[in-house]
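Engineer: So that you have it, the file is upload.txt, and it contains compact mmCIF, C-alpha atoms and all ligand atoms:
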# COMPACT_ATOMS: atom_id res chain seq x y z
CA MET X 1295 60.65 70.53 41.84
CA ASP X 1296 63.48 72.87 40.92
CA ARG X 1297 62.51 74.04 37.46
CA ASN X 1298 65.85 75.70 36.91
CA LYS X 1299 67.58 72.35 37.16
CA GLU X 1300 65.14 70.87 34.75
CA MET X 1301 65.51 73.74 32.30
CA ILE X 1302 67.36 72.84 29.17
CA ILE X 1303 68.84 75.50 26.98
CA LYS X 1304 67.51 74.01 23.79
CA THR X 1305 68.65 74.71 20.31
CA VAL X 1306 65.74 76.13 18.43
CA LYS X 1307 64.14 73.32 16.48
CA ASN X 1308 60.64 74.38 17.12
CA ASP X 1309 58.81 73.85 13.88
CA SER X 1310 56.73 70.74 13.33
CA ASN X 1311 59.40 69.09 11.15
CA GLY X 1312 62.14 69.59 13.72
CA LYS X 1313 63.84 72.19 11.51
CA PHE X 1314 65.28 75.52 12.53
CA ARG X 1315 62.77 78.24 11.90
CA ASN X 1316 63.58 80.89 9.36
CA PHE X 1317 62.01 84.10 10.63
CA PRO X 1318 61.24 87.32 8.82
CA MET X 1319 62.34 90.52 10.53
CA VAL X 1320 61.23 94.09 9.99
CA PRO X 1321 63.46 95.08 7.04
CA ARG X 1322 63.39 98.83 7.68
CA VAL X 1323 63.17 100.85 10.84
CA VAL X 1324 63.66 104.52 11.63
CA PHE X 1325 64.17 105.64 15.22
CA GLY X 1326 64.33 109.08 16.78
CA ARG X 1327 62.38 111.82 18.49
CA GLY X 1328 60.46 113.68 15.81
CA CYS X 1329 61.12 111.15 13.02
CA PHE X 1330 57.37 111.05 12.27
CA SER X 1331 58.06 114.12 10.11
CA GLN X 1332 59.93 111.83 7.70
CA LEU X 1333 56.91 109.61 7.04
CA GLY X 1334 55.98 111.41 3.80
CA ASP X 1335 59.44 110.81 2.30
CA ILE X 1336 59.38 107.18 3.40
CA LEU X 1337 56.01 106.51 1.78
CA LEU X 1338 56.64 108.38 -1.48
CA PRO X 1339 58.57 105.63 -3.32
CA MET X 1340 55.99 103.06 -2.19
CA ARG X 1341 53.09 104.83 -3.90
CA LYS X 1342 51.97 102.80 -6.93
CA ASN X 1343 50.15 105.68 -8.63
CA SER X 1344 47.86 108.58 -7.76
CA GLU X 1345 44.79 106.31 -7.65
CA ALA X 1346 46.24 103.79 -5.19
CA PRO X 1347 45.91 105.42 -1.77
CA MET X 1348 47.82 105.10 1.44
CA ILE X 1349 45.30 104.17 4.15
CA PHE X 1350 46.09 105.40 7.63
CA LEU X 1351 44.45 103.45 10.45
CA ILE X 1352 44.80 105.73 13.47
CA ASP X 1353 43.79 105.28 17.11
CA ASP X 1354 40.81 107.60 17.64
CA VAL X 1355 42.49 109.03 20.74
CA PHE X 1356 44.35 111.18 18.17
CA GLU X 1357 41.24 112.55 16.48
CA ASN X 1358 41.57 116.39 16.51
CA SER X 1359 45.14 116.18 17.78
CA PRO X 1360 48.15 117.89 16.11
CA LEU X 1361 49.42 114.47 15.00
CA VAL X 1362 46.59 114.21 12.50
CA ASN X 1363 47.63 117.46 10.83
CA SER X 1364 51.10 116.07 10.24
CA VAL X 1365 49.94 112.88 8.54
CA PRO X 1366 51.44 113.19 5.03
CA LEU X 1367 48.25 112.89 2.97
CA LEU X 1368 48.50 112.94 -0.83
CA PHE X 1369 46.06 112.28 -3.68
CA ASN X 1370 43.13 110.19 -2.44
CA ASP X 1371 44.75 108.93 0.77
CA GLN X 1372 42.34 108.16 3.57
CA ILE X 1373 42.46 108.33 7.35
CA ILE X 1374 40.26 105.87 9.24
CA PHE X 1375 40.00 106.43 12.98
CA VAL X 1376 39.56 103.27 15.02
CA SER X 1377 38.79 102.96 18.72
CA ALA X 1378 41.22 100.92 20.83
CA ASN X 1379 38.67 100.47 23.60
CA GLU X 1380 38.27 96.87 22.58
CA GLU X 1381 40.95 94.56 21.29
CA PRO X 1382 40.82 93.75 17.56
CA LYS X 1383 38.30 91.27 16.24
CA THR X 1384 38.27 89.26 13.03
CA ALA X 1385 34.88 90.75 12.06
CA GLN X 1386 36.31 94.25 12.44
CA VAL X 1387 39.14 93.37 10.05
CA ASP X 1388 36.61 92.04 7.52
CA VAL X 1389 34.53 95.24 7.72
CA LEU X 1390 37.60 97.43 7.18
CA VAL X 1391 38.75 95.37 4.21
CA THR X 1392 35.29 95.51 2.62
CA LYS X 1393 35.15 99.27 3.13
CA ILE X 1394 38.57 99.85 1.58
CA ARG X 1395 37.73 97.64 -1.42
CA LYS X 1396 34.45 99.49 -1.90
CA ASP X 1397 35.87 103.00 -1.46
CA PHE X 1398 38.68 102.66 -4.01
CA GLN X 1399 38.93 101.30 -7.52
CA GLU X 1400 42.60 100.52 -7.13
CA ALA X 1401 44.10 98.40 -4.39
CA PRO X 1402 45.86 100.59 -1.81
CA SER X 1403 49.57 101.31 -2.01
CA GLY X 1404 49.92 100.73 1.69
CA ILE X 1405 48.37 100.45 5.13
CA ILE X 1406 49.84 102.54 7.94
CA GLY X 1407 48.87 101.67 11.50
CA ILE X 1408 49.32 104.40 14.12
CA GLY X 1409 48.58 103.51 17.75
CA GLY X 1410 49.21 100.79 20.31
CA GLY X 1411 49.13 97.02 19.90
CA THR X 1412 45.46 97.19 18.98
CA LEU X 1413 46.00 99.43 15.94
CA LEU X 1414 49.23 97.72 14.95
CA ASP X 1415 47.54 94.33 14.95
CA LEU X 1416 44.53 95.62 13.02
CA SER X 1417 46.77 97.13 10.36
CA LYS X 1418 48.75 93.94 9.91
CA ALA X 1419 45.55 91.93 9.56
CA VAL X 1420 43.95 94.38 7.11
CA ALA X 1421 47.11 94.36 4.98
CA ILE X 1422 47.02 90.54 4.84
CA LEU X 1423 43.31 90.27 4.09
CA LEU X 1424 43.44 92.84 1.29
CA ASN X 1425 45.57 90.37 -0.69
CA ASN X 1426 44.08 87.09 0.49
CA THR X 1427 40.54 85.87 -0.14
CA GLY X 1428 37.95 85.03 2.50
CA PHE X 1429 37.54 86.08 6.10
CA ALA X 1430 40.12 86.97 8.73
CA ALA X 1431 39.06 84.10 11.00
CA THR X 1432 40.16 81.61 8.32
CA TYR X 1433 43.75 82.70 8.82
CA GLN X 1434 43.92 82.50 12.63
CA GLY X 1435 46.62 79.96 13.25
CA TYR X 1436 50.09 79.19 11.96
CA ASP X 1437 51.28 79.76 8.40
CA LEU X 1438 47.86 79.74 6.76
CA VAL X 1439 48.43 82.88 4.66
CA SER X 1440 49.50 82.16 1.09
CA LYS X 1441 49.94 85.58 -0.55
CA PRO X 1442 52.14 88.47 0.59
CA ALA X 1443 50.33 91.31 2.38
CA THR X 1444 49.90 94.85 1.08
CA TYR X 1445 52.88 97.05 2.03
CA HIS X 1446 52.31 97.92 5.70
CA VAL X 1447 53.91 100.29 8.15
CA GLY X 1448 53.71 100.20 11.95
CA ILE X 1449 53.98 103.36 14.04
CA PRO X 1450 53.63 102.66 17.77
CA THR X 1451 52.32 105.43 20.05
CA ILE X 1452 52.63 103.44 23.27
CA SER X 1453 55.38 100.94 24.07
CA GLY X 1454 55.48 97.42 25.38
CA THR X 1455 53.63 94.84 23.31
CA GLY X 1456 56.37 94.17 20.78
CA ALA X 1457 53.62 94.04 18.13
CA GLU X 1458 55.82 96.35 16.06
CA VAL X 1459 58.35 93.53 15.49
CA SER X 1460 56.33 90.35 15.78
CA ARG X 1461 55.13 88.00 13.03
CA THR X 1462 51.66 87.76 14.52
CA THR X 1463 48.48 89.78 14.85
CA VAL X 1464 46.33 88.70 17.77
CA LEU X 1465 42.62 88.67 16.93
CA LEU X 1466 39.48 87.71 18.76
CA GLY X 1467 37.47 85.50 16.40
CA PRO X 1468 34.10 83.79 16.65
CA GLU X 1469 35.72 80.67 18.09
CA LYS X 1470 39.05 81.66 19.50
CA LYS X 1471 41.50 84.39 20.36
CA LEU X 1472 44.48 83.54 18.21
CA GLY X 1473 47.00 85.31 16.05
CA ILE X 1474 47.50 85.23 12.33
CA ASN X 1475 51.06 83.95 12.57
CA SER X 1476 52.76 84.16 9.20
CA ASP X 1477 55.84 85.37 7.41
CA PHE X 1478 53.65 88.00 5.72
CA THR X 1479 52.39 89.49 8.99
CA THR X 1480 55.59 91.33 9.91
CA PHE X 1481 55.67 95.03 9.04
CA ASP X 1482 57.63 96.18 5.96
CA GLN X 1483 58.59 99.37 7.76
CA VAL X 1484 58.44 100.54 11.36
CA LEU X 1485 58.76 104.14 12.50
CA LEU X 1486 59.78 104.54 16.14
CA ASP X 1487 59.21 108.10 17.30
CA PRO X 1488 59.29 108.17 21.12
CA ASP X 1489 57.58 111.59 21.12
CA LEU X 1490 54.39 109.93 19.88
CA SER X 1491 53.99 108.33 23.30
CA ILE X 1492 53.84 111.71 25.06
CA GLY X 1493 50.45 111.88 26.73
CA VAL X 1494 49.88 108.18 27.42
CA PRO X 1495 48.01 108.01 30.76
CA THR X 1496 50.27 106.77 33.59
CA GLU X 1497 48.38 103.59 34.35
CA GLN X 1498 48.17 102.57 30.69
CA TRP X 1499 51.88 103.34 30.32
CA PHE X 1500 52.52 100.96 33.19
CA TYR X 1501 50.19 98.16 32.00
CA THR X 1502 51.52 98.12 28.44
CA GLY X 1503 55.09 98.49 29.75
CA MET X 1504 54.53 95.51 32.02
CA ASP X 1505 53.52 93.46 28.99
CA CYS X 1506 57.11 93.94 27.88
CA PHE X 1507 58.53 93.17 31.32
CA ILE X 1508 56.43 89.99 31.49
CA HIS X 1509 57.56 88.95 27.98
CA CYS X 1510 61.14 89.14 29.29
CA ILE X 1511 60.46 87.18 32.48
CA GLU X 1512 58.51 84.49 30.65
CA SER X 1513 61.05 84.18 27.87
CA LEU X 1514 64.11 84.17 30.16
CA ASN X 1515 62.59 81.61 32.53
CA GLY X 1516 61.15 79.37 29.83
CA THR X 1517 62.36 75.96 28.76
CA TYR X 1518 62.53 77.19 25.15
CA LEU X 1519 65.22 79.69 26.07
CA ASN X 1520 68.23 79.89 23.75
CA ALA X 1521 71.05 82.34 23.18
CA PHE X 1522 69.09 84.27 20.52
CA SER X 1523 66.13 84.94 22.82
CA GLN X 1524 68.27 85.42 25.86
CA SER X 1525 70.36 88.15 24.25
CA TYR X 1526 67.27 90.22 23.43
CA GLY X 1527 65.42 89.34 26.65
CA GLU X 1528 68.27 90.40 28.90
CA LYS X 1529 68.66 93.74 27.17
CA SER X 1530 64.94 94.36 27.32
CA LEU X 1531 64.78 93.47 31.01
CA GLU X 1532 67.64 95.83 31.76
CA LEU X 1533 65.80 98.66 29.99
CA CYS X 1534 62.54 97.84 31.81
CA LYS X 1535 64.35 98.08 35.14
CA GLU X 1536 65.78 101.48 34.20
CA VAL X 1537 62.36 102.74 33.16
CA PHE X 1538 60.23 101.35 35.98
CA LEU X 1539 62.68 101.37 38.89
CA GLY X 1540 65.02 104.20 37.98
CA PHE X 1541 64.73 107.96 37.97
CA LEU X 1542 64.89 108.81 34.29
CA SER X 1543 63.51 111.93 32.68
CA PRO X 1544 60.18 111.36 30.89
CA SER X 1545 61.83 111.64 27.48
CA GLU X 1546 64.55 109.13 28.38
CA SER X 1547 61.84 106.78 29.66
CA ARG X 1548 59.96 107.03 26.38
CA ASP X 1549 63.13 106.32 24.34
CA LYS X 1550 64.12 103.36 26.48
CA LEU X 1551 60.70 101.74 26.78
CA MET X 1552 60.33 101.92 23.02
CA MET X 1553 63.57 99.96 22.61
CA ALA X 1554 62.68 97.60 25.48
CA SER X 1555 59.48 96.74 23.62
CA TRP X 1556 61.42 96.05 20.44
CA HIS X 1557 63.90 93.75 22.19
CA GLY X 1558 61.16 92.04 24.22
CA GLY X 1559 59.29 91.29 21.00
CA MET X 1560 62.46 89.92 19.41
CA SER X 1561 63.09 87.77 22.46
CA ILE X 1562 59.79 85.93 22.18
CA ALA X 1563 60.12 85.52 18.40
CA TYR X 1564 62.48 82.62 18.96
CA SER X 1565 60.93 81.37 22.22
CA GLN X 1566 57.48 81.74 23.78
CA VAL X 1567 55.60 83.51 26.52
CA GLY X 1568 54.43 81.64 29.62
CA VAL X 1569 52.01 81.34 32.54
CA ALA X 1570 50.81 84.96 32.78
CA HIS X 1571 49.98 85.08 29.08
CA ALA X 1572 48.26 81.68 29.09
CA MET X 1573 46.06 82.80 31.98
CA SER X 1574 45.44 86.33 30.74
CA TYR X 1575 44.13 84.91 27.44
CA GLY X 1576 41.41 83.22 29.51
CA LEU X 1577 40.57 86.49 31.29
CA SER X 1578 40.43 88.36 28.04
CA TYR X 1579 38.28 85.75 26.30
CA VAL X 1580 35.63 85.65 29.01
CA LEU X 1581 35.72 89.16 30.47
CA GLY X 1582 37.27 91.19 27.65
CA THR X 1583 40.09 92.23 30.00
CA LYS X 1584 42.73 94.05 27.98
CA HIS X 1585 46.10 92.44 27.43
CA GLY X 1586 48.36 94.72 29.49
CA ILE X 1587 46.25 94.95 32.62
CA GLY X 1588 45.20 91.29 32.28
CA ASN X 1589 48.84 90.21 32.39
CA CYS X 1590 49.42 92.35 35.49
CA LEU X 1591 46.33 90.96 37.24
CA VAL X 1592 47.58 87.42 36.72
CA PHE X 1593 51.29 88.02 37.18
CA GLN X 1594 50.98 89.41 40.73
CA HIS X 1595 49.84 85.91 41.83
CA LEU X 1596 52.58 83.91 40.09
CA GLU X 1597 55.33 84.02 42.71
CA GLU X 1598 55.43 80.24 42.70
CA PHE X 1599 56.45 80.21 39.03
CA TYR X 1600 58.42 83.44 38.74
CA PRO X 1601 59.62 84.35 42.27
CA GLU X 1602 62.19 86.95 41.26
CA GLY X 1603 59.98 88.37 38.53
CA VAL X 1604 57.05 88.87 40.89
CA GLU X 1605 59.28 90.50 43.48
CA LEU X 1606 60.52 92.97 40.85
CA PHE X 1607 56.96 93.51 39.64
CA ASN X 1608 55.83 94.44 43.15
CA LYS X 1609 58.70 96.91 43.45
CA MET X 1610 57.74 98.44 40.11
CA MET X 1611 54.10 98.79 41.18
CA HIS X 1612 55.22 100.54 44.34
CA HIS X 1613 57.78 102.76 42.61
CA ASN X 1614 55.17 103.89 40.08
CA ASP X 1615 52.35 104.20 42.59
CA ILE X 1616 50.07 101.75 40.78
CA THR X 1617 47.16 99.94 42.44
CA LEU X 1618 45.53 97.10 40.56
CA PRO X 1619 41.77 96.59 40.66
CA VAL X 1620 40.49 93.71 42.78
CA GLY X 1621 37.56 91.31 42.64
CA ILE X 1622 37.72 90.90 38.85
CA CYS X 1623 36.69 87.23 38.92
CA LYS X 1624 34.38 87.32 41.90
CA ASP X 1625 31.08 87.33 39.96
CA LEU X 1626 32.02 84.67 37.41
CA THR X 1627 29.44 81.92 36.88
CA GLU X 1628 30.59 78.33 37.04
CA ASP X 1629 30.35 78.13 33.24
CA GLU X 1630 32.44 81.25 32.76
CA MET X 1631 35.10 79.99 35.13
CA ASN X 1632 35.25 76.69 33.26
CA THR X 1633 35.58 78.49 29.92
CA MET X 1634 38.37 80.64 31.32
CA ILE X 1635 40.23 77.55 32.49
CA ARG X 1636 39.67 75.73 29.19
CA VAL X 1637 40.90 78.68 27.07
CA SER X 1638 43.97 78.96 29.25
CA LEU X 1639 44.80 75.24 29.21
CA ASN X 1640 44.51 75.27 25.42
CA MET X 1641 47.59 77.48 25.18
CA GLU X 1642 49.80 74.41 25.08
CA PRO X 1643 53.06 75.87 23.72
CA LEU X 1644 52.95 78.56 26.43
CA TRP X 1645 52.60 75.96 29.18
CA GLU X 1646 55.27 73.79 27.68
CA ASN X 1647 57.64 76.73 27.50
CA ALA X 1648 56.86 77.71 31.08
CA LEU X 1649 56.95 74.30 32.75
CA GLY X 1650 58.45 71.78 30.36
CA SER X 1651 56.90 68.84 28.56
CA ASN X 1652 55.59 67.53 31.87
CA TRP X 1653 53.38 70.61 32.39
CA ARG X 1654 50.09 68.72 32.59
CA ASN X 1655 51.23 67.19 35.86
CA ILE X 1656 51.88 70.62 37.33
CA ILE X 1657 49.00 72.68 35.98
CA THR X 1658 45.52 71.34 36.56
CA ALA X 1659 42.08 72.92 36.27
CA SER X 1660 41.86 73.25 40.04
CA LYS X 1661 45.24 74.96 40.19
CA LEU X 1662 44.08 77.52 37.63
CA ARG X 1663 40.79 78.00 39.46
CA SER X 1664 42.65 78.76 42.69
CA ILE X 1665 44.71 81.46 40.97
CA TYR X 1666 41.77 82.98 39.06
CA THR X 1667 39.78 83.16 42.28
CA LYS X 1668 42.43 85.44 43.80
CA ILE X 1669 42.16 87.97 40.95
P1 LIG X 1701 46.16 99.56 23.02
O1 LIG X 1701 46.55 99.71 21.61
O2 LIG X 1701 44.98 98.71 23.31
O3 LIG X 1701 45.95 101.00 23.65
C1 LIG X 1701 45.71 101.15 25.03
C2 LIG X 1701 45.13 102.52 25.33
O4 LIG X 1701 46.14 103.51 25.18
C3 LIG X 1701 44.01 102.90 24.39
O5 LIG X 1701 43.01 103.54 25.14
C4 LIG X 1701 44.68 103.87 23.43
O6 LIG X 1701 43.76 104.77 22.88
C5 LIG X 1701 45.65 104.55 24.35
N1 LIG X 1701 46.80 105.19 23.69
C6 LIG X 1701 47.68 104.65 22.80
N2 LIG X 1701 48.61 105.55 22.47
C7 LIG X 1701 48.33 106.68 23.15
C8 LIG X 1701 48.94 107.98 23.25
N3 LIG X 1701 50.08 108.26 22.59
N4 LIG X 1701 48.36 108.90 24.05
C9 LIG X 1701 47.25 108.61 24.76
N5 LIG X 1701 46.63 107.41 24.73
C10 LIG X 1701 47.18 106.45 23.93
O7 LIG X 1701 47.34 99.05 23.97
P2 LIG X 1701 48.54 98.06 23.87
O8 LIG X 1701 48.74 97.59 25.25
O9 LIG X 1701 49.67 98.69 23.14
O10 LIG X 1701 48.01 96.89 22.95
C11 LIG X 1701 47.26 95.81 23.40
C12 LIG X 1701 46.96 94.93 22.21
O11 LIG X 1701 48.18 94.43 21.68
C13 LIG X 1701 46.11 93.72 22.52
O12 LIG X 1701 45.10 93.62 21.54
C14 LIG X 1701 47.07 92.55 22.41
O13 LIG X 1701 46.45 91.35 22.00
C15 LIG X 1701 48.03 93.05 21.38
N6 LIG X 1701 49.34 92.42 21.42
C16 LIG X 1701 49.88 92.02 20.23
C17 LIG X 1701 51.11 91.43 20.19
C18 LIG X 1701 51.68 90.99 18.88
O14 LIG X 1701 52.78 90.47 18.85
N7 LIG X 1701 51.00 91.16 17.79
C19 LIG X 1701 51.85 91.25 21.37
C20 LIG X 1701 51.29 91.68 22.56
C21 LIG X 1701 50.04 92.28 22.58
ZN ZN X 1702 52.04 90.17 25.79
Give the structure from this file in structure tokens form.

Structural biologist:
Amino acid sequence: MDRNKEMIIKTVKNDSNGKFRNFPMVPRVVFGRGCFSQLGDILLPMRKNSEAPMIFLIDDVFENSPLVNSVPLLFNDQIIFVSANEEPKTAQVDVLVTKIRKDFQEAPSGIIGIGGGTLLDLSKAVAILLNNTGFAATYQGYDLVSKPATYHVGIPTISGTGAEVSRTTVLLGPEKKLGINSDFTTFDQVLLDPDLSIGVPTEQWFYTGMDCFIHCIESLNGTYLNAFSQSYGEKSLELCKEVFLGFLSPSESRDKLMMASWHGGMSIAYSQVGVAHAMSYGLSYVLGTKHGIGNCLVFQHLEEFYPEGVELFNKMMHHNDITLPVGICKDLTEDEMNTMIRVSLNMEPLWENALGSNWRNIITASKLRSIYTKI
């Protein structure tokens, strides 16, 4: 079947009542090499009083680094270092919220997340849970949050996920890996300082960057595509090509990938991701494979769905001298394989975006098994 012929450029009526969705966007953003030095001035007017701290959640890769010395601490502000070795969990959010409530008499003035998608998502979730009762897992889903979050700021130190612009925070819960998708999730302020991504290891730079590239391919080739998403997706794809196939200086690469990530995130706001994401959720759920590399591991085998995208991906791997690990799924038990397939098939909107409303006739459990087996 020629999916391109079947593809309809839909108008965006993708809420359950058939209405156009009214999305929040990040209301304030500052961009520029070195703009981290302005953080103190940005936070000052948001401080409620000297007892209500700013809480900085910082990737522990920065512990003892110069960045920590330039965090604009005042009064009783607190830095909490968090490891990004594992992706964020609902229980981790609950522990952080309990700690912050216990440590301070007054509710914080703000939560500032500094790191990659892991820290950005944790910060969004903590900011929501500080103002909403119960446990983080209760809010995994769509529009379940009733009260506005604490003021929260996102400061990415690695580019690609688009978590800095999105209205979701992806969490692994006791029952599912699912985002808290709500109008209150989006950051109140984002600070984009490309210099913060100096020092990202090459492979991680590639994996997280490919998350952005794959967002573009999945959005631009999806049946949910519309002019809003297309405009951002095309710009992001162009920037990804410059970064991963061109010969830019490192600082130009950092600038451009930061903006590619932003546009890629905006592109999927009004559409959806597709096959690679649906399958990488399964990998992550069963094996704990991280998002960026998980997407790459799946995407290399998706030429049947994204022929041009996979060809470009292979060129990018070659150009950047990246070799992906092999044999990831070879020791899976039958039960684990079945769980992986079930988790993936549950991502219905992703499949519908990728393949149209008829997707169940195209994607079967045995089809998924055959792809997973290659990984
Ligand atoms: P990450 O935050 O998991 O970090 C990856 C690695 O890079 C970590 O080891 C981290 O310590 C290191 N790192 C980060 N910045 C660094 C720096 N400047 N120097 C050296 N090392 C650095 O990576 P990621 O790929 O940005 O995020 C993945 C997470 O993002 C997943 O949990 C995924 O679910 C989530 N995600 C969220 C959204 C969203 O819209 N909310 C979208 C896509 C992905
Ligand atoms: Zn992604």

Engineer: So, counting all atoms listed in the file, which residue among X:Ser1453, X:Thr1444, X:Asn1515, X:Asn1589 is closest to ligand ZN 1702 (chain X)?

Structural biologist: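 Using all atoms listed in the file, ligand ZN 1702 (chain X) sits closest to X:Asn1589.
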
Engineer: Which residues of chain X come within 7 Å of ligand ZN 1702 (chain X), and for each one, what is the closest pair of atoms and their distance in Å to one decimal, counting only C-alpha atoms and all ligand atoms, sorted by chain and residue number, as a Markdown table?

Structural biologist:
| residue | atom | partner | partner_atom | distance |
| --- | --- | --- | --- | --- |
| X:Thr1455 | CA | X:ZN1702 | ZN | 5.5 |
| X:Asp1505 | CA | X:ZN1702 | ZN | 4.8 |
| X:Cys1506 | CA | X:ZN1702 | ZN | 6.7 |
| X:His1509 | CA | X:ZN1702 | ZN | 6.1 |
| X:His1571 | CA | X:ZN1702 | ZN | 6.4 |
| X:His1585 | CA | X:ZN1702 | ZN | 6.6 |
| X:Gly1586 | CA | X:ZN1702 | ZN | 6.9 |

Engineer: Can you tell me which residues sit at most 8 Å away from ligand LIG 1701 (chain X), counting all atoms listed in the file, written as a PyMOL selection string?

Structural biologist: chain X and resi 1353-1356+1377-1382+1409-1415+1450-1465+1473+1490-1495+1498-1499+1501-1503+1505+1559+1584-1586

Engineer: For stretch 1470-1481 of chain X, take all atoms listed in the file, fit an axis-aligned box around them, add 4 Å to each of the six sides, then output centre and edge lengths in Å rounded to one decimal, as JSON.

Structural biologist:
{"center_x": 47.4, "center_y": 88.3, "center_z": 13.0, "size_x": 24.8, "size_y": 21.4, "size_z": 22.6}

Engineer: Just the residues within 6 Å of X:Pro1402, please, counting all atoms listed in the file, with nothing from its chain fewer than 5 positions along; format it as JSON, numbers by chain.

Structural biologist: {"X": [1346, 1347, 1348]}

Engineer: Atom CA of X:Ile1406 and atom CA of X:Tyr1579 are how many Å apart?

Structural biologist: 27.4 Å
